[in-house]
>>> print(open('input_22.txt').read())   # compact mmCIF, C-alpha atoms and all ligand atoms
# COMPACT_ATOMS: atom_id res chain seq x y z
CA MET A 1 -6.64 -3.81 32.51
CA THR A 2 -3.04 -5.08 32.69
CA ASN A 3 -0.71 -2.19 32.01
CA ILE A 4 2.81 -2.90 30.84
CA LEU A 5 5.28 -0.04 30.51
CA VAL A 6 7.57 -0.69 27.54
CA VAL A 7 10.87 1.16 27.68
CA ASN A 8 13.44 1.58 24.92
CA ALA A 9 16.36 3.49 26.36
CA GLY A 10 19.11 5.04 24.27
CA SER A 11 22.17 6.84 25.60
CA SER A 12 20.32 10.17 25.75
CA SER A 13 16.74 9.17 25.04
CA LEU A 14 13.98 7.05 26.52
CA LYS A 15 11.00 5.98 24.44
CA TYR A 16 8.04 4.60 26.33
CA GLN A 17 4.62 3.12 25.72
CA LEU A 18 2.04 2.06 28.25
CA ILE A 19 0.20 -0.91 26.75
CA ASP A 20 -2.82 -2.69 28.15
CA VAL A 21 -2.03 -6.28 27.22
CA ASP A 22 -5.63 -7.39 27.78
CA THR A 23 -6.87 -5.26 24.88
CA GLU A 24 -3.41 -4.70 23.31
CA ASN A 25 -4.21 -0.99 23.15
CA VAL A 26 -1.55 1.69 23.58
CA ILE A 27 -2.79 3.79 26.52
CA ALA A 28 -0.09 6.45 26.34
CA LYS A 29 3.30 6.93 24.76
CA GLY A 30 6.10 9.39 24.27
CA ILE A 31 9.80 10.04 24.33
CA CYS A 32 12.30 11.85 26.54
CA GLU A 33 15.21 13.27 24.58
CA ARG A 34 18.54 14.90 25.30
CA ILE A 35 18.73 13.31 28.73
CA GLY A 36 21.80 14.61 30.54
CA ASP A 37 21.62 17.92 28.69
CA SER A 38 20.26 21.14 30.17
CA HIS A 39 17.75 21.36 27.32
CA SER A 40 16.01 18.02 27.69
CA ASN A 41 12.55 17.61 26.27
CA ALA A 42 9.77 15.11 26.68
CA SER A 43 6.58 14.24 24.87
CA TYR A 44 3.47 12.52 26.16
CA LYS A 45 0.43 11.47 24.17
CA ARG A 46 -2.79 9.72 25.03
CA ALA A 47 -6.16 9.64 23.29
CA GLY A 48 -7.38 13.22 23.07
CA TYR A 49 -4.32 14.85 24.63
CA ALA A 50 -0.69 15.51 23.72
CA VAL A 51 1.98 17.65 25.30
CA GLU A 52 5.62 18.60 24.70
CA LEU A 53 7.65 19.66 27.72
CA GLU A 54 11.06 21.21 28.13
CA GLN A 55 12.79 20.59 31.41
CA PRO A 56 16.23 19.45 32.47
CA LEU A 57 16.55 15.69 32.88
CA GLY A 58 19.89 14.87 34.48
CA ASN A 59 19.74 11.11 34.00
CA HIS A 60 17.47 8.22 33.06
CA ALA A 61 15.99 7.98 36.57
CA GLU A 62 14.81 11.58 36.28
CA ALA A 63 13.35 10.78 32.88
CA VAL A 64 11.47 7.80 34.34
CA ALA A 65 10.24 10.00 37.21
CA LEU A 66 8.86 12.47 34.68
CA VAL A 67 7.20 9.70 32.67
CA LEU A 68 5.53 8.40 35.86
CA GLN A 69 4.42 11.91 36.74
CA LEU A 70 2.86 12.32 33.28
CA LEU A 71 1.18 8.91 33.41
CA THR A 72 -0.31 9.58 36.87
CA ASP A 73 -1.20 13.24 36.37
CA PRO A 74 -4.65 13.76 37.94
CA GLU A 75 -5.94 15.67 34.95
CA ASN A 76 -4.15 14.28 31.90
CA GLY A 77 -2.73 11.00 33.17
CA VAL A 78 -4.00 7.52 32.38
CA VAL A 79 -3.50 5.72 35.71
CA HIS A 80 -4.05 6.77 39.32
CA SER A 81 -0.77 5.54 40.70
CA PRO A 82 2.42 3.78 39.57
CA SER A 83 1.09 0.62 41.25
CA GLU A 84 -1.28 0.29 38.28
CA ILE A 85 1.76 -0.51 36.13
CA ALA A 86 1.88 -4.29 36.41
CA ALA A 87 5.35 -4.71 34.91
CA VAL A 88 8.01 -3.00 32.84
CA GLY A 89 9.47 -4.46 29.65
CA HIS A 90 12.88 -3.23 28.52
CA ARG A 91 14.30 -3.51 25.05
CA VAL A 92 17.90 -4.72 25.35
CA VAL A 93 19.98 -4.87 22.20
CA HIS A 94 22.62 -7.51 22.90
CA GLY A 95 22.05 -10.63 24.92
CA GLY A 96 25.03 -12.51 23.48
CA GLU A 97 24.68 -16.27 23.92
CA ARG A 98 23.35 -15.79 27.43
CA PHE A 99 19.77 -15.04 26.42
CA ALA A 100 17.84 -17.16 23.95
CA GLN A 101 14.64 -15.91 25.58
CA SER A 102 13.40 -12.80 27.32
CA ALA A 103 14.34 -12.81 31.01
CA LEU A 104 13.04 -11.55 34.34
CA ILE A 105 15.35 -8.77 35.49
CA ASP A 106 17.22 -9.43 38.73
CA ASP A 107 20.80 -8.75 39.80
CA ALA A 108 22.10 -11.83 37.96
CA CYS A 109 20.32 -10.80 34.76
CA ILE A 110 21.78 -7.30 35.00
CA ALA A 111 25.26 -8.75 35.52
CA ALA A 112 24.79 -10.91 32.41
CA ILE A 113 23.67 -7.88 30.36
CA GLU A 114 26.78 -6.08 31.62
CA GLU A 115 28.90 -8.99 30.43
CA CYS A 116 27.47 -8.47 26.95
CA ILE A 117 28.63 -4.82 26.83
CA PRO A 118 31.71 -5.60 24.70
CA LEU A 119 29.34 -7.04 22.06
CA GLY A 120 26.97 -4.06 22.19
CA PRO A 121 29.13 -1.19 23.41
CA LEU A 122 26.81 1.53 22.13
CA HIS A 123 23.48 0.08 23.18
CA ASN A 124 23.78 -2.13 26.24
CA PRO A 125 25.07 0.60 28.60
CA ALA A 126 22.16 2.81 27.54
CA ASN A 127 19.66 -0.02 27.98
CA LEU A 128 21.11 -0.63 31.46
CA MET A 129 20.65 3.05 32.33
CA GLY A 130 16.97 2.71 31.45
CA ILE A 131 16.70 -0.42 33.61
CA ALA A 132 18.47 1.28 36.53
CA GLY A 133 16.25 4.35 36.21
CA CYS A 134 13.09 2.23 36.33
CA ARG A 135 14.33 0.10 39.22
CA GLU A 136 15.02 3.25 41.20
CA MET A 137 11.57 4.70 40.57
CA LEU A 138 9.58 1.44 40.58
CA PRO A 139 11.48 -0.75 43.04
CA ASN A 140 8.63 -3.23 43.53
CA THR A 141 7.51 -3.62 39.94
CA PRO A 142 8.68 -6.75 38.08
CA MET A 143 10.72 -6.08 34.96
CA VAL A 144 11.64 -8.13 31.94
CA ALA A 145 14.48 -7.73 29.43
CA VAL A 146 13.60 -8.50 25.82
CA PHE A 147 16.63 -8.96 23.58
CA ASP A 148 17.09 -8.09 19.91
CA THR A 149 19.43 -11.05 19.65
CA SER A 150 17.26 -13.83 21.18
CA TRP A 151 15.66 -14.73 17.84
CA GLY A 152 19.07 -15.37 16.27
CA GLN A 153 19.91 -17.88 18.99
CA GLY A 154 17.73 -20.33 17.03
CA MET A 155 20.39 -20.62 14.31
CA ALA A 156 22.47 -23.76 13.88
CA ARG A 157 26.25 -23.52 14.20
CA ALA A 158 26.95 -23.68 10.48
CA ALA A 159 24.73 -20.62 9.98
CA TYR A 160 26.14 -18.49 12.78
CA MET A 161 29.86 -19.21 12.60
CA TYR A 162 32.31 -17.09 10.61
CA ALA A 163 35.18 -18.92 8.95
CA LEU A 164 37.79 -17.18 11.06
CA PRO A 165 40.10 -19.15 13.36
CA TYR A 166 37.81 -20.91 15.85
CA GLU A 167 39.44 -19.00 18.70
CA ALA A 168 37.78 -15.77 17.49
CA TYR A 169 34.50 -17.38 18.53
CA GLU A 170 35.79 -19.03 21.70
CA LYS A 171 37.83 -16.13 23.03
CA HIS A 172 35.96 -13.13 21.68
CA GLY A 173 32.42 -14.29 20.99
CA VAL A 174 32.76 -13.50 17.28
CA ARG A 175 29.73 -15.10 15.58
CA ARG A 176 26.51 -14.08 13.87
CA TYR A 177 23.95 -12.96 16.46
CA GLY A 178 21.47 -11.05 14.29
CA PHE A 179 19.29 -8.11 15.32
CA HIS A 180 15.69 -6.94 14.83
CA GLY A 181 14.83 -10.26 16.45
CA THR A 182 11.73 -8.96 18.23
CA SER A 183 10.38 -7.74 14.91
CA HIS A 184 11.25 -10.89 12.94
CA ALA A 185 9.66 -13.03 15.65
CA TYR A 186 6.53 -10.86 15.80
CA VAL A 187 5.80 -10.82 12.06
CA THR A 188 6.71 -14.50 11.73
CA GLN A 189 4.10 -15.33 14.37
CA LYS A 190 1.52 -13.15 12.64
CA CYS A 191 2.33 -14.75 9.31
CA LEU A 192 1.87 -18.23 10.79
CA GLU A 193 -1.56 -17.13 12.06
CA LYS A 194 -2.47 -15.85 8.60
CA LEU A 195 -1.35 -19.07 6.92
CA ASP A 196 -3.57 -20.91 9.40
CA VAL A 197 -1.68 -24.20 9.18
CA PRO A 198 0.30 -26.03 11.87
CA ALA A 199 3.57 -24.12 12.32
CA GLU A 200 5.76 -27.20 12.02
CA GLY A 201 7.91 -27.12 8.90
CA VAL A 202 6.53 -23.78 7.61
CA LYS A 203 9.27 -21.81 5.83
CA ILE A 204 9.09 -18.03 6.08
CA VAL A 205 11.38 -15.21 4.96
CA THR A 206 10.90 -11.92 6.83
CA CYS A 207 12.22 -8.66 5.37
CA HIS A 208 12.54 -5.95 8.03
CA LEU A 209 13.33 -2.97 5.81
CA GLY A 210 13.67 0.38 7.57
CA ASN A 211 16.46 2.73 8.38
CA GLY A 212 18.32 -0.34 9.53
CA SER A 213 17.38 -3.43 7.52
CA SER A 214 17.72 -7.16 7.84
CA VAL A 215 16.26 -10.28 6.28
CA SER A 216 15.75 -13.44 8.26
CA CYS A 217 14.28 -16.88 7.65
CA SER A 218 12.67 -19.47 9.86
CA VAL A 219 11.29 -22.96 9.77
CA GLY A 220 8.41 -23.69 12.13
CA GLY A 221 8.84 -20.30 13.78
CA ARG A 222 12.49 -20.91 14.67
CA CYS A 223 15.22 -18.73 13.15
CA VAL A 224 17.37 -20.51 10.59
CA ASP A 225 19.43 -17.57 9.36
CA THR A 226 19.54 -13.79 9.51
CA SER A 227 21.51 -11.18 7.65
CA MET A 228 22.92 -9.04 10.46
CA GLY A 229 25.95 -10.47 12.19
CA LEU A 230 28.18 -9.73 15.15
CA THR A 231 26.91 -6.18 14.77
CA PRO A 232 24.02 -4.58 12.87
CA LEU A 233 26.43 -3.57 10.09
CA GLU A 234 26.32 -6.84 8.14
CA GLY A 235 23.89 -7.77 5.40
CA LEU A 236 21.87 -5.28 3.39
CA PRO A 237 23.01 -1.77 2.48
CA MET A 238 21.05 0.48 4.86
CA GLY A 239 20.30 4.18 5.34
CA THR A 240 23.89 5.02 6.21
CA ARG A 241 25.47 1.56 6.70
CA SER A 242 27.41 -0.29 4.03
CA GLY A 243 26.07 -3.75 4.81
CA SER A 244 28.27 -6.64 3.66
CA ILE A 245 31.40 -5.77 1.75
CA ASP A 246 34.60 -7.63 0.96
CA PRO A 247 36.31 -7.56 4.37
CA ALA A 248 39.66 -6.90 2.69
CA ILE A 249 38.35 -3.45 1.70
CA ILE A 250 38.89 -2.39 5.30
CA PRO A 251 42.68 -2.81 5.56
CA TYR A 252 42.95 -1.67 1.94
CA LEU A 253 41.22 1.64 2.66
CA MET A 254 42.97 2.04 5.99
CA GLU A 255 46.27 1.94 4.17
CA ARG A 256 45.34 3.74 0.96
CA ALA A 257 43.23 6.50 2.53
CA GLN A 258 45.12 6.64 5.82
CA MET A 259 42.05 5.87 7.91
CA SER A 260 42.13 4.77 11.54
CA ALA A 261 39.94 1.95 12.83
CA ALA A 262 37.52 4.50 14.27
CA GLU A 263 37.40 6.41 11.00
CA ILE A 264 36.69 3.36 8.86
CA ASP A 265 34.05 2.28 11.38
CA ALA A 266 32.30 5.65 11.04
CA TYR A 267 32.77 5.50 7.25
CA MET A 268 30.92 2.19 7.05
CA ASN A 269 28.27 2.95 9.68
CA LYS A 270 27.43 6.59 9.11
CA LYS A 271 28.53 7.60 5.62
CA SER A 272 27.80 4.56 3.50
CA GLY A 273 24.70 2.74 2.34
CA MET A 274 21.93 4.68 0.63
CA LEU A 275 23.44 7.98 1.70
CA GLY A 276 26.95 7.10 0.57
CA ILE A 277 25.93 5.78 -2.84
CA SER A 278 23.33 8.43 -3.66
CA GLY A 279 24.87 11.49 -2.05
CA VAL A 280 21.21 12.49 -1.56
CA GLY A 281 20.25 11.07 1.82
CA SER A 282 19.15 7.97 3.65
CA ASP A 283 15.38 8.40 3.52
CA PHE A 284 13.77 6.30 0.81
CA ARG A 285 11.19 8.99 0.07
CA ASP A 286 13.98 11.44 -0.78
CA LEU A 287 15.76 8.80 -2.83
CA TRP A 288 12.69 8.11 -4.98
CA LYS A 289 12.07 11.81 -5.47
CA ALA A 290 15.63 12.29 -6.67
CA ALA A 291 15.63 9.10 -8.76
CA ASN A 292 12.37 10.06 -10.45
CA ALA A 293 13.87 13.46 -11.24
CA GLY A 294 16.72 11.73 -13.04
CA ASN A 295 19.34 11.39 -10.29
CA ASP A 296 21.29 8.37 -11.46
CA ARG A 297 23.05 7.65 -8.16
CA ALA A 298 19.81 7.76 -6.18
CA ARG A 299 18.42 5.17 -8.58
CA LEU A 300 21.61 3.11 -8.24
CA ALA A 301 21.25 3.08 -4.43
CA LEU A 302 17.64 1.87 -4.72
CA ASP A 303 18.61 -0.79 -7.27
CA MET A 304 21.46 -2.00 -5.07
CA PHE A 305 19.19 -2.21 -2.04
CA CYS A 306 16.49 -4.19 -3.85
CA LEU A 307 19.01 -6.52 -5.48
CA SER A 308 20.53 -7.27 -2.07
CA VAL A 309 17.12 -8.14 -0.61
CA LYS A 310 16.31 -10.33 -3.62
CA LYS A 311 19.60 -12.21 -3.29
CA LEU A 312 18.96 -12.89 0.40
CA ILE A 313 15.46 -14.19 -0.29
CA GLY A 314 16.90 -16.54 -2.91
CA SER A 315 19.70 -17.79 -0.70
CA TYR A 316 17.37 -18.34 2.22
CA ALA A 317 14.94 -20.25 0.01
CA ALA A 318 17.85 -22.51 -0.96
CA GLU A 319 18.94 -22.85 2.66
CA MET A 320 15.45 -23.87 3.81
CA GLY A 321 14.64 -25.98 0.74
CA GLY A 322 11.78 -23.71 -0.34
CA VAL A 323 9.71 -20.88 0.97
CA ASP A 324 6.03 -20.80 1.93
CA ALA A 325 5.73 -17.08 2.67
CA ILE A 326 7.66 -13.83 2.36
CA VAL A 327 6.83 -10.96 4.71
CA PHE A 328 7.64 -7.25 4.33
CA THR A 329 7.71 -5.02 7.39
CA ALA A 330 9.12 -1.79 8.97
CA GLY A 331 9.27 1.74 7.51
CA VAL A 332 10.30 0.82 3.98
CA GLY A 333 8.78 -2.67 3.86
CA GLU A 334 5.37 -1.43 4.98
CA ASN A 335 5.26 1.79 2.99
CA ASP A 336 7.41 1.65 -0.10
CA GLN A 337 5.40 -0.07 -2.83
CA ALA A 338 8.03 0.61 -5.51
CA VAL A 339 10.81 -1.04 -3.48
CA ARG A 340 8.62 -4.09 -2.91
CA ASP A 341 7.87 -4.17 -6.63
CA LEU A 342 11.57 -4.16 -7.57
CA ILE A 343 12.34 -6.90 -5.05
CA LEU A 344 9.45 -9.15 -6.00
CA ARG A 345 9.71 -8.95 -9.81
CA GLY A 346 11.23 -12.20 -11.01
CA LEU A 347 10.48 -14.25 -7.92
CA GLU A 348 7.79 -16.27 -9.73
CA PHE A 349 10.21 -19.21 -9.82
CA LEU A 350 9.75 -19.49 -6.05
CA GLY A 351 6.03 -19.99 -6.60
CA CYS A 352 4.92 -16.39 -6.02
CA ASP A 353 1.84 -15.61 -8.12
CA MET A 354 2.09 -11.88 -7.60
CA ASP A 355 -0.64 -9.29 -7.83
CA TYR A 356 1.70 -6.43 -8.77
CA GLU A 357 -1.15 -3.96 -9.29
CA LYS A 358 -2.43 -4.62 -5.80
CA ASN A 359 1.06 -4.06 -4.39
CA LEU A 360 1.52 -0.75 -6.19
CA ALA A 361 -1.93 0.48 -5.15
CA LEU A 362 -1.63 -0.68 -1.53
CA PRO A 363 -2.12 2.09 1.04
CA LYS A 364 0.87 2.63 3.30
CA GLY A 365 1.29 0.64 6.49
CA VAL A 366 -1.62 -1.76 6.14
CA GLU A 367 -1.64 -5.52 6.51
CA ALA A 368 -2.27 -7.21 3.18
CA GLU A 369 -1.52 -10.20 1.00
CA LEU A 370 0.21 -9.39 -2.30
CA THR A 371 -0.15 -12.79 -3.95
CA ARG A 372 -3.21 -14.18 -5.72
CA PRO A 373 -5.35 -16.96 -4.23
CA ASN A 374 -3.64 -20.38 -4.40
CA SER A 375 -0.16 -18.88 -4.82
CA ARG A 376 2.31 -21.59 -3.75
CA CYS A 377 4.47 -19.01 -1.97
CA ARG A 378 2.44 -16.22 -0.37
CA VAL A 379 3.68 -12.66 0.09
CA PHE A 380 2.42 -10.39 2.85
CA VAL A 381 2.88 -6.90 4.20
CA ILE A 382 2.61 -7.16 8.00
CA PRO A 383 3.24 -3.99 10.05
CA THR A 384 5.67 -4.72 12.85
CA ASN A 385 5.01 -3.79 16.46
CA GLU A 386 8.07 -4.34 18.58
CA GLU A 387 6.55 -2.57 21.59
CA LEU A 388 3.57 -4.89 21.62
CA ALA A 389 5.85 -7.89 21.28
CA ILE A 390 7.87 -6.66 24.27
CA ALA A 391 4.68 -6.04 26.27
CA ARG A 392 3.39 -9.54 25.52
CA ASP A 393 6.66 -11.19 26.54
CA THR A 394 6.83 -9.05 29.66
CA ALA A 395 3.32 -10.00 30.75
CA ARG A 396 3.98 -13.69 30.00
CA ILE A 397 7.16 -13.78 32.07
CA ALA A 398 6.54 -11.24 34.85
CA LEU A 399 2.91 -12.05 35.58
CA ALA A 400 3.04 -15.83 35.16
P1 LIG B 1 14.08 2.47 12.08
O1 LIG B 1 15.06 1.48 11.54
O2 LIG B 1 14.69 3.77 12.45
O3 LIG B 1 13.10 1.90 13.08
P2 LIG B 1 11.77 2.60 10.35
O4 LIG B 1 11.42 1.16 10.30
O5 LIG B 1 10.85 3.52 11.06
O6 LIG B 1 13.24 2.83 10.81
O7 LIG B 1 11.93 3.09 8.86
C1 LIG B 1 12.29 4.41 8.58
C2 LIG B 1 12.49 4.56 7.09
O8 LIG B 1 11.29 4.17 6.41
C3 LIG B 1 12.70 6.00 6.68
O9 LIG B 1 14.05 6.33 6.68
C4 LIG B 1 12.16 6.01 5.27
O10 LIG B 1 13.22 5.78 4.38
C5 LIG B 1 11.21 4.85 5.19
N1 LIG B 1 9.83 5.28 4.97
C6 LIG B 1 8.95 5.71 5.87
N2 LIG B 1 7.77 6.04 5.28
C7 LIG B 1 7.94 5.82 3.97
C8 LIG B 1 7.12 5.97 2.82
N3 LIG B 1 5.89 6.42 2.93
N4 LIG B 1 7.65 5.64 1.63
C9 LIG B 1 8.90 5.19 1.53
N5 LIG B 1 9.72 5.02 2.57
C10 LIG B 1 9.26 5.34 3.76
>>> encode(input="input_22.txt", output="structure tokens")
Amino acid sequence: MTNILVVNAGSSSLKYQLIDVDTENVIAKGICERIGDSHSNASYKRAGYAVELEQPLGNHAEAVALVLQLLTDPENGVVHSPSEIAAVGHRVVHGGERFAQSALIDDACIAAIEECIPLGPLHNPANLMGIAGCREMLPNTPMVAVFDTSWGQGMARAAYMYALPYEAYEKHGVRRYGFHGTSHAYVTQKCLEKLDVPAEGVKIVTCHLGNGSSVSCSVGGRCVDTSMGLTPLEGLPMGTRSGSIDPAIIPYLMERAQMSAAEIDAYMNKKSGMLGISGVGSDFRDLWKAANAGNDRARLALDMFCLSVKKLIGSYAAEMGGVDAIVFTAGVGENDQAVRDLILRGLEFLGCDMDYEKNLALPKGVEAELTRPNSRCRVFVIPTNEELAIARDTARIALA
């Protein structure tokens, strides 16, 4: 058994999974929420046992202490002592240009993550709190940072630059970084295994469609382009995010509707996308229910989403000079057959010999191929597993 603790820390939450990387089984998992509040709560689940606790958790270190207590509990725990945790893997959102790979956490690594705070002001400080909490409670356990942005570091300059004055890049780091990198990398690797050909030159488009969504493409397992940019706002319309819009809309609305920078930011991040268009909500299940009951704006939101994905697949195929496989993953990509249907209809020109009936009948969240045998471009549903990807990277780097 080689147990890796995977930690995904938010500003007031800490999700964790203990994964045995030898078998790739999840041994235990849970979440601490409302950290820093007097009404914090925590969950813990292992095979045959689950518990929800309510107890104050003043900070992330206290949350980690509780997680360790739950994992080592003599009756309901899964390990005898914290020393049975071989390493800890931390999800870190923004690694800027400093991290093209996952990295062993030491003081220099932490300083570099701190330097990336301006690029990820909401996430990096929270991720650092999770790291600090674990270092306090597990001072002798090696830790690894796995970055959402590492995948995007594979892009060439022409793909990641914005056509602003060059100084915006040099002075302020304004460029496309891309997010969901751990997921895009994981399903790309799985897709390469399924294709069972040498990776070199293989062109894959990965559609990570969830609450936040992005499409990416790669040649030979290396990212060529990705739809999220400096921040996770760019690209597809999402649950509550606008995705790409004419940038001139921002000053236009600021003047016309008297919005401040903070207000327009919230407008685009929290009130737009599927929610903003439909007025119904951000969850695709609710949108389909409304659309099927005749709600025109819910249907419009779904049509806009699918059209945006289709356009990205087409542009990435052009960018790569073809496409060998298209992968769907994450909450919507894995579960929403009707969204996949709308996206895939009409992509025969790329060489997709679709089995539309199979797609529509596919159970939710299972790995499957949606194209017929001998299809020139193959289409797959591959469930993502970011925690496992983090655990694998952590074991590779910390236990080498
Ligand atoms: P996150 O970006 O928060 O990680 P997920 O990848 O878990 O999101 O995706 C969550 C979204 O997946 C939900 O908002 C919902 O719209 C969608 N979803 C989940 N299950 C289904 C389903 N059975 N059918 C359609 N959509 C689903």
>>> closest_residue(input="input_22.txt", among="A:Ala61, A:Leu370, A:Met238, A:Val379", to="ligand LIG 1 (chain B)", atoms="only C-alpha atoms and all ligand atoms")
A:Met238
>>> residues_around(input="input_22.txt", residues="A:Trp151", least_positions_apart="5", cutoff="8 Å", atoms="all atoms listed in the file", output="VMD selection string")
chain A and resid 100 to 101 178 to 179 181 to 182 184 to 185 222 to 223
>>> residues_near_ligand(input="input_22.txt", ligand="ligand LIG 1 (chain B)", cutoff="10 Å", atoms="all atoms listed in the file", output="ChimeraX atom specification")
/A:180,208-214,238-240,274,281-288,329-339,363-365,383-384,386
>>> atom_distance(input="input_22.txt", atom1="atom CA of A:Gly243", atom2="atom CA of A:Ile313")
15.7 Å
>>> residues_near_point(input="input_22.txt", point="(28.5, -0.4, 4.4)", cutoff="6 Å", atoms="all atoms listed in the file", output="ChimeraX atom specification")
/A:237,241-243,268,272-273
>>> closest_residue(input="input_22.txt", among="A:Thr188, A:Met259, A:Ala318, A:Glu367", to="A:Leu350", atoms="all atoms listed in the file")
A:Ala318
>>> residues_around(input="input_22.txt", residues="A:Lys310", least_positions_apart="4", cutoff="12 Å", atoms="only C-alpha atoms", output="list of chain:residue names")
A:Val205, A:Thr206, A:Cys207, A:Ser214, A:Val215, A:Leu236, A:Asp303, A:Met304, A:Phe305, A:Cys306, A:Gly314, A:Ser315, A:Tyr316, A:Ala317, A:Ile326, A:Val339, A:Arg340, A:Asp341, A:Leu342, A:Ile343, A:Leu344, A:Arg345, A:Gly346, A:Leu347, A:Leu350
>>> closest_residue(input="input_22.txt", among="A:Val78, A:Ala108, A:Ala325, A:Ala87", to="A:Leu399", atoms="all atoms listed in the file")
A:Ala87
>>> residues_around(input="input_22.txt", residues="A:Val64", least_positions_apart="4", cutoff="7 Å", atoms="only C-alpha atoms", output="list of chain:residue names")
A:His60, A:Leu68, A:Gly133, A:Cys134, A:Met137
>>> atom_distance(input="input_22.txt", atom1="atom CA of A:Arg299", atom2="atom CA of A:Ser278")
7.7 Å
>>> closest_residue(input="input_22.txt", among="A:Leu164, A:Val323, A:Ala42, A:Ala248", to="A:Gln69", atoms="all atoms listed in the file")
A:Ala42
>>> atom_distance(input="input_22.txt", atom1="atom CA of A:Asp296", atom2="atom CA of A:Arg256")
27.5 Å
>>> residues_around(input="input_22.txt", residues="A:Gly229", least_positions_apart="2", cutoff="9 Å", atoms="only C-alpha atoms", output="MDAnalysis selection string")
chainID A and resid 160 175:179 226:227 231:235
>>> closest_residue(input="input_22.txt", among="A:Lys45, A:Arg392, A:Lys15, A:Lys358", to="A:Leu71", atoms="all atoms listed in the file")
A:Lys45
>>> closest_residue(input="input_22.txt", among="A:Asn8, A:Asn292, A:Ser13, A:Ser43", to="A:Ala28", atoms="only C-alpha atoms")
A:Ser43
>>> decode(input="input_22.txt", residues="stretch 183-230 of chain A", atoms="C-alpha atoms", output="compact mmCIF listing (two decimals), in the first residue's frame")
# COMPACT_ATOMS: atom_id res chain seq x y z
CA SER A 183 -8.23 16.84 -16.23
CA HIS A 184 -7.25 17.50 -19.86
CA ALA A 185 -3.92 15.74 -19.28
CA TYR A 186 -5.58 12.77 -17.55
CA VAL A 187 -8.21 12.08 -20.21
CA THR A 188 -5.71 12.72 -23.01
CA GLN A 189 -3.45 10.04 -21.54
CA LYS A 190 -6.38 7.64 -21.20
CA CYS A 191 -7.45 8.36 -24.76
CA LEU A 192 -3.93 7.63 -26.04
CA GLU A 193 -4.06 4.29 -24.21
CA LYS A 194 -7.42 3.50 -25.82
CA LEU A 195 -6.17 4.40 -29.30
CA ASP A 196 -3.26 2.03 -28.66
CA VAL A 197 -0.92 3.68 -31.15
CA PRO A 198 2.37 5.50 -30.53
CA ALA A 199 1.48 8.90 -29.03
CA GLU A 200 3.63 10.86 -31.46
CA GLY A 201 1.56 13.04 -33.76
CA VAL A 202 -1.82 11.91 -32.36
CA LYS A 203 -4.31 14.81 -32.42
CA ILE A 204 -6.89 14.89 -29.64
CA VAL A 205 -9.57 17.39 -28.62
CA THR A 206 -10.70 17.13 -24.99
CA CYS A 207 -14.00 18.70 -23.88
CA HIS A 208 -14.12 19.19 -20.10
CA LEU A 209 -17.76 20.20 -19.71
CA GLY A 210 -18.96 20.77 -16.15
CA ASN A 211 -19.94 23.71 -14.07
CA GLY A 212 -16.82 25.34 -15.42
CA SER A 213 -16.01 24.20 -18.96
CA SER A 214 -13.07 24.27 -21.29
CA VAL A 215 -11.97 22.60 -24.50
CA SER A 216 -8.34 21.85 -25.21
CA CYS A 217 -6.35 20.15 -27.93
CA SER A 218 -3.05 18.33 -28.03
CA VAL A 219 -0.65 16.70 -30.43
CA GLY A 220 1.33 13.76 -29.09
CA GLY A 221 0.02 14.42 -25.58
CA ARG A 222 1.29 18.01 -25.51
CA CYS A 223 -1.19 20.89 -25.24
CA VAL A 224 -1.52 22.94 -28.42
CA ASP A 225 -4.37 25.22 -27.38
CA THR A 226 -7.01 25.59 -24.69
CA SER A 227 -10.06 27.77 -24.35
CA MET A 228 -9.60 29.29 -20.90
CA GLY A 229 -7.21 32.20 -20.75
CA LEU A 230 -5.58 34.45 -18.18
